[in-house]
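Input: a single structure, listed below in structure tokens.
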Amino acid sequence: MKDRQRTSTSTLNSPTCQSESRPGKSGSILRFIRTHTFSLFAVLLITGLASAAPLAPRSGASAGCALSSGPIHHVIYIQFDNVHFRRDNPNVPSDLEQMPHLLNFIEKGGTLLSSHHTPLISHTANDILTSLTGVYPDRHGVAVANAYGFFNLDGTDGFTSAFLYWNDTISDPPHSFNMLSANGKNAPAPWVPYTRAGCDVGAVGTANIELENLFPDVPTVFGANSPEAKEANNSPNKASADFIGIAIHCAQGGGVCSGTPTARPDLLPDEPGGYTGFQALYGHKYVVGKIAPHGLKDLNGNRISGFPGFDGILPAQSLAYVAAMQESGVPVTYAYIADAHDDHTTGTPFGPGEAGYVAQLQAYDQAFNTFFTRLANDGIDPSNTLFVITADEGDHFSGGAPSPANCDGVTVPCTYAQIGEIDVNMTGLLASEGITTPFDIHLDMAPSVYILGNPRRTDPRVRAFERASGKLTAKNPITGNTDNLTLFMADPVELKALHMITADKFRTPTFVLFGNPNYFFLTFGGTTLDSGFAWNHGGVAPEINTTFLGIVGPGVKADGVDAQLWSDHTDIRPTILMLLGLSDDYSHDGRALVEHFDPQVLPDELSEDVANFKKLANAYKQINAPVGNFGLNSLIVSTKALDSDDPSDGTYTFLEGEIAALTSVRNSLSREIIGLLEGAEFHGKTISGSDAQRLSGEAQQLLRQMQGLTH
């Protein structure tokens, strides 16, 4: 399985680069360096019977959790890697359709939004973190896959990983926090509102909210001379199973950490309002003793002896951790489940409808059936538990046609003669265009390009490089056709419009090339079919940037499938907090999806002006979301600018200036609108009809201006 891997820049076009992979991944050097993201379903599950009291927490659990004051007593958040509601082949039922126990749970008990979207870049860490925080990467810090290229400092590669624990700093100058807010501080952590409210928060494999790497995490958390640090040095595989991937952030007052010598301080140095006196348990070794004193078994009855690894944690395992946490009085849980697109034994990819793919989805579905049944027997069900289901992104299948042509996978298995992404050597392709400027890239279908020396964006070398990049082609080994490789390009002007510029200037590439979704860009080799990978993401394509969100629980209407309401990952956080009656110490980039709230849970002030709220919220998403109307049209304009052959660069200068000016207007307008939306969601404010009319009108005018530049 590939999805949790991340790569750094490629060490100046050398194939021997470092990997940003999460623990638990093995394979060839190419597999080791490939960067792929995964579709994660964020499933927020609140379960329990309305007529039943919430579970009595076991000794040491967060008995004072404020969630118990309302109908919601449990929150279960699950994100899948590369699981789709849409069909990848029109004849083959989709991933969710092949998991009927999960799909029926969502459709019959709540709402599934099928027009749900990713941020950019559309990669695993970025998408999960955007979902968890409710802000885009310019405010949480993980943008353009967090690939560093410190060529402007010393001419060598920098390296970091998108997957680092929340308070980790990156390994290269200027040693800024990996999770970086817009003001250059450690970004606010998603578990804080819960723990401040007296609720323990469990984490199973979810990006950056449990220890991600042995180093520097284990010595930092447990101490450089601790037994845990010695184990990390001497027995890394055992240490990964013991300490990585599982955590409980404990409530104020102690929660399950009370009286536990293995609890460690939960350090968040820049948390708004302060965060002192909190503790956490890190790792299977210390968490399982609290949630399953006699040992933890997966949902199939097999003993779990340690964290299975980010790329190998399946529903039967991940959901077993969740159930045990919930049963032990940990009322808020976040969990990740690996994808079903790859063979979990061999790591090779499946095509839609292949027998192994179908069998894995059947196993996934059975795990959910067992999970829901177990929770219901514990008194945890949609009457007292909030369930939210999403995928971090979709992905694009790269391969030939199936055989037989009419196969449906379920009754007639599909087979594939050709399957795989197409690798291309960007260095060689550019050299054939006369470009020999030293550069490096983040290896991807949407490579971030770093030109040596960090020249200004208007430098003639940069402009020549961009023009050549816009004209790249390759012969497709599957179809025999010559394909254009570049769909869009974005330099720092456009990256700012797409919320991809962070407070750390060294994370900003020269430009990003959003490529043809069948292709993967390297800096070595030739044009070859790579049968080790067949599901591509990171770029801009409907099947990649469109995913789904499911919500079930108290206060959520049973509306079935909504294919019309436009939402994206930033909307998940405010939706959850509004249903819970909690709030963050910062404003979000998303809005609460009140269209699917039961009217009685809306504040009186919002009930009176809900039409104004919806009007403003819909306009806001289209101007502010990276793959909304403004963002997608600005990408078209940016590509026209960077690809322009105008020798005077007049077209480039004009279009870049227009993007910058309209982005400035957009930012100002967005701040005003989100202030009104959050005032209505969390602060008892009303939205006047005149404000809604004025601001939505300004938003529509802004959209027309950007669209006009595309012609």
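Letters A, B, ... mark the chains of the structure tokens in the order given; residue numbers begin at 1 per chain; ligand numbers begin at 1, in order shown.
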What's the 12 Å shell around A:Gly538, counting only C-alpha atoms, without same-chain residues fewer than 4 positions away, as a ChimeraX atom specification?
/A:3,6,35-39,118-127,143-145,392-396,442-448,512-521,542-545
With C-alpha atoms retained, write the just-selected residues as a compact mmCIF listing (two decimals), in the first residue's frame.
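The resulting file, result-v1.txt, is reproduced below:
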```txt
# COMPACT_ATOMS: atom_id res chain seq x y z
CA ASP A 3 -0.86 6.11 0.39
CA ARG A 6 5.58 11.14 1.21
CA THR A 35 4.39 10.47 -2.69
CA HIS A 36 0.74 9.50 -2.71
CA THR A 37 -2.13 10.60 -0.63
CA PHE A 38 -5.03 8.63 0.62
CA SER A 39 -8.77 9.10 0.78
CA THR A 118 -10.59 18.85 -0.98
CA PRO A 119 -8.17 21.71 -0.49
CA LEU A 120 -5.03 21.99 -2.62
CA ILE A 121 -2.62 20.33 -2.81
CA SER A 122 -4.91 17.30 -2.67
CA HIS A 123 -2.73 15.05 -0.51
CA THR A 124 -3.26 12.94 2.56
CA ALA A 125 -1.73 15.01 5.32
CA ASN A 126 -2.96 18.32 3.96
CA ASP A 127 -6.50 17.04 3.51
CA ALA A 143 1.07 22.91 1.99
CA VAL A 144 2.52 21.54 -1.28
CA ALA A 145 3.08 18.25 0.58
CA ASP A 392 -9.53 13.13 2.44
CA GLU A 393 -9.49 13.05 -1.36
CA GLY A 394 -10.52 10.95 -4.30
CA ASP A 395 -8.04 9.51 -6.74
CA HIS A 396 -7.71 8.72 -10.41
CA HIS A 442 8.69 17.06 -5.01
CA LEU A 443 8.03 13.80 -6.85
CA ASP A 444 4.32 13.71 -7.57
CA MET A 445 1.54 13.99 -10.17
CA ALA A 446 1.55 17.66 -9.09
CA PRO A 447 5.24 18.37 -8.61
CA SER A 448 6.37 21.40 -6.62
CA VAL A 512 3.59 23.99 -8.86
CA LEU A 513 2.73 22.00 -11.99
CA PHE A 514 -0.65 20.26 -11.78
CA GLY A 515 -0.19 17.35 -14.16
CA ASN A 516 -2.19 14.93 -16.25
CA PRO A 517 -3.68 12.50 -13.67
CA ASN A 518 -2.32 9.43 -15.50
CA TYR A 519 1.27 10.59 -14.98
CA PHE A 520 3.77 10.79 -12.15
CA PHE A 521 6.76 13.16 -12.39
CA PRO A 542 -12.95 16.22 -10.52
CA GLU A 543 -12.41 12.61 -9.47
CA ILE A 544 -9.53 13.70 -7.22
CA ASN A 545 -10.89 16.90 -5.71
```
Among stretch 359-513 of chain A, which ones does DSSP place in strand (DSSP E or B), written as number ranges by chain?
A: 385-391, 396-397, 399, 402-403, 415-416, 419, 421-425, 439-442, 444, 448-451, 473-475, 482-484, 486-490, 511-513
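Put simply, atom CA of A:Ala592 is 17.1 Å away from atom CA of A:Ile72.
Our summary of the geometry notes that atom CA of A:Asp483 is positioned 19.3 Å from atom CA of A:Phe524.
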Which of stretch 344-520 of chain A DSSP labels alpha helix (DSSP H), written as a count of residues only
45
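Across the structure, atom CA of A:Asp266 and atom CA of A:Gly283 are spaced 13.7 Å apart.
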Of the listed residues A:Leu580, A:Ala625, A:Ala661, A:Ala611, that which approaches A:Thr130 most closely, counting only C-alpha atoms:
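That would be A:Ala625, the residue with the smallest distance to A:Thr130.
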Quick one: residues within 12 Å of A:Ile623, only C-alpha atoms counted, chain neighbours fewer than 3 positions away excluded, as a VMD selection string?
chain A and resid 497 to 499 589 to 590 616 to 620 626 to 634 662 to 671 673 to 674 695 to 707
Selection to disk with C-alpha atoms, as a short mmCIF file (atom, residue, chain, number, x, y, z; two decimals), in the first residue's frame:
```
data_model
loop_
_atom_site.label_atom_id
_atom_site.label_comp_id
_atom_site.auth_asym_id
_atom_site.auth_seq_id
_atom_site.Cartn_x
_atom_site.Cartn_y
_atom_site.Cartn_z
CA ALA A 497 -5.04 32.65 -4.12
CA LEU A 498 -5.24 28.89 -3.46
CA HIS A 499 -4.30 29.24 0.25
CA ASP A 589 -12.17 28.91 6.80
CA GLY A 590 -15.32 26.79 6.63
CA LEU A 616 -23.83 34.12 2.36
CA ALA A 617 -22.32 30.70 3.12
CA ASN A 618 -22.77 29.45 -0.43
CA ALA A 619 -21.25 32.62 -1.88
CA TYR A 620 -18.39 32.41 0.59
CA PRO A 626 -9.34 26.40 -3.51
CA VAL A 627 -11.47 24.30 -5.88
CA GLY A 628 -14.45 26.62 -5.79
CA ASN A 629 -15.37 28.85 -8.70
CA PHE A 630 -12.81 31.57 -7.93
CA GLY A 631 -9.98 29.10 -7.32
CA LEU A 632 -10.49 26.99 -10.43
CA ASN A 633 -10.86 30.02 -12.70
CA SER A 634 -7.80 31.65 -11.16
CA LEU A 662 -8.62 40.06 -7.12
CA THR A 663 -7.12 37.81 -4.43
CA SER A 664 -6.70 40.85 -2.19
CA VAL A 665 -10.35 41.77 -2.75
CA ARG A 666 -11.36 38.16 -2.12
CA ASN A 667 -9.46 38.00 1.15
CA SER A 668 -11.07 41.17 2.45
CA LEU A 669 -14.54 40.05 1.41
CA SER A 670 -14.01 36.58 2.89
CA ARG A 671 -12.98 38.01 6.25
CA ILE A 673 -18.39 37.17 5.44
CA ILE A 674 -16.83 34.59 7.76
CA LEU A 695 -21.96 40.75 0.35
CA SER A 696 -23.33 37.97 -1.85
CA GLY A 697 -23.63 40.52 -4.65
CA GLU A 698 -20.00 41.53 -4.18
CA ALA A 699 -19.01 37.87 -4.24
CA GLN A 700 -20.84 37.30 -7.52
CA GLN A 701 -19.18 40.35 -9.04
CA LEU A 702 -15.76 39.05 -7.97
CA LEU A 703 -16.48 35.67 -9.55
CA ARG A 704 -17.50 37.34 -12.81
CA GLN A 705 -14.29 39.37 -12.86
CA MET A 706 -12.09 36.31 -12.45
CA GLN A 707 -14.08 34.32 -15.00
#
```
Using only C-alpha atoms, can you tell me which of A:Thr262, A:Lys475, A:Ala316, A:Phe533 comes closest to A:Gly223?
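Using only C-alpha atoms, A:Gly223 sits closest to A:Thr262.
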Contacts of A:Ile478 at 10 Å or less, counting only C-alpha atoms, minus same-chain residues fewer than 4 places along, as an NGL selection string?
:A and (398-401 or 417-422 or 528-529)
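Distances here use only C-alpha atoms; by that measure, the residue among A:Gly277, A:Gly356, A:Pro455, A:Pro293 closest to A:Ala263 is A:Gly277.
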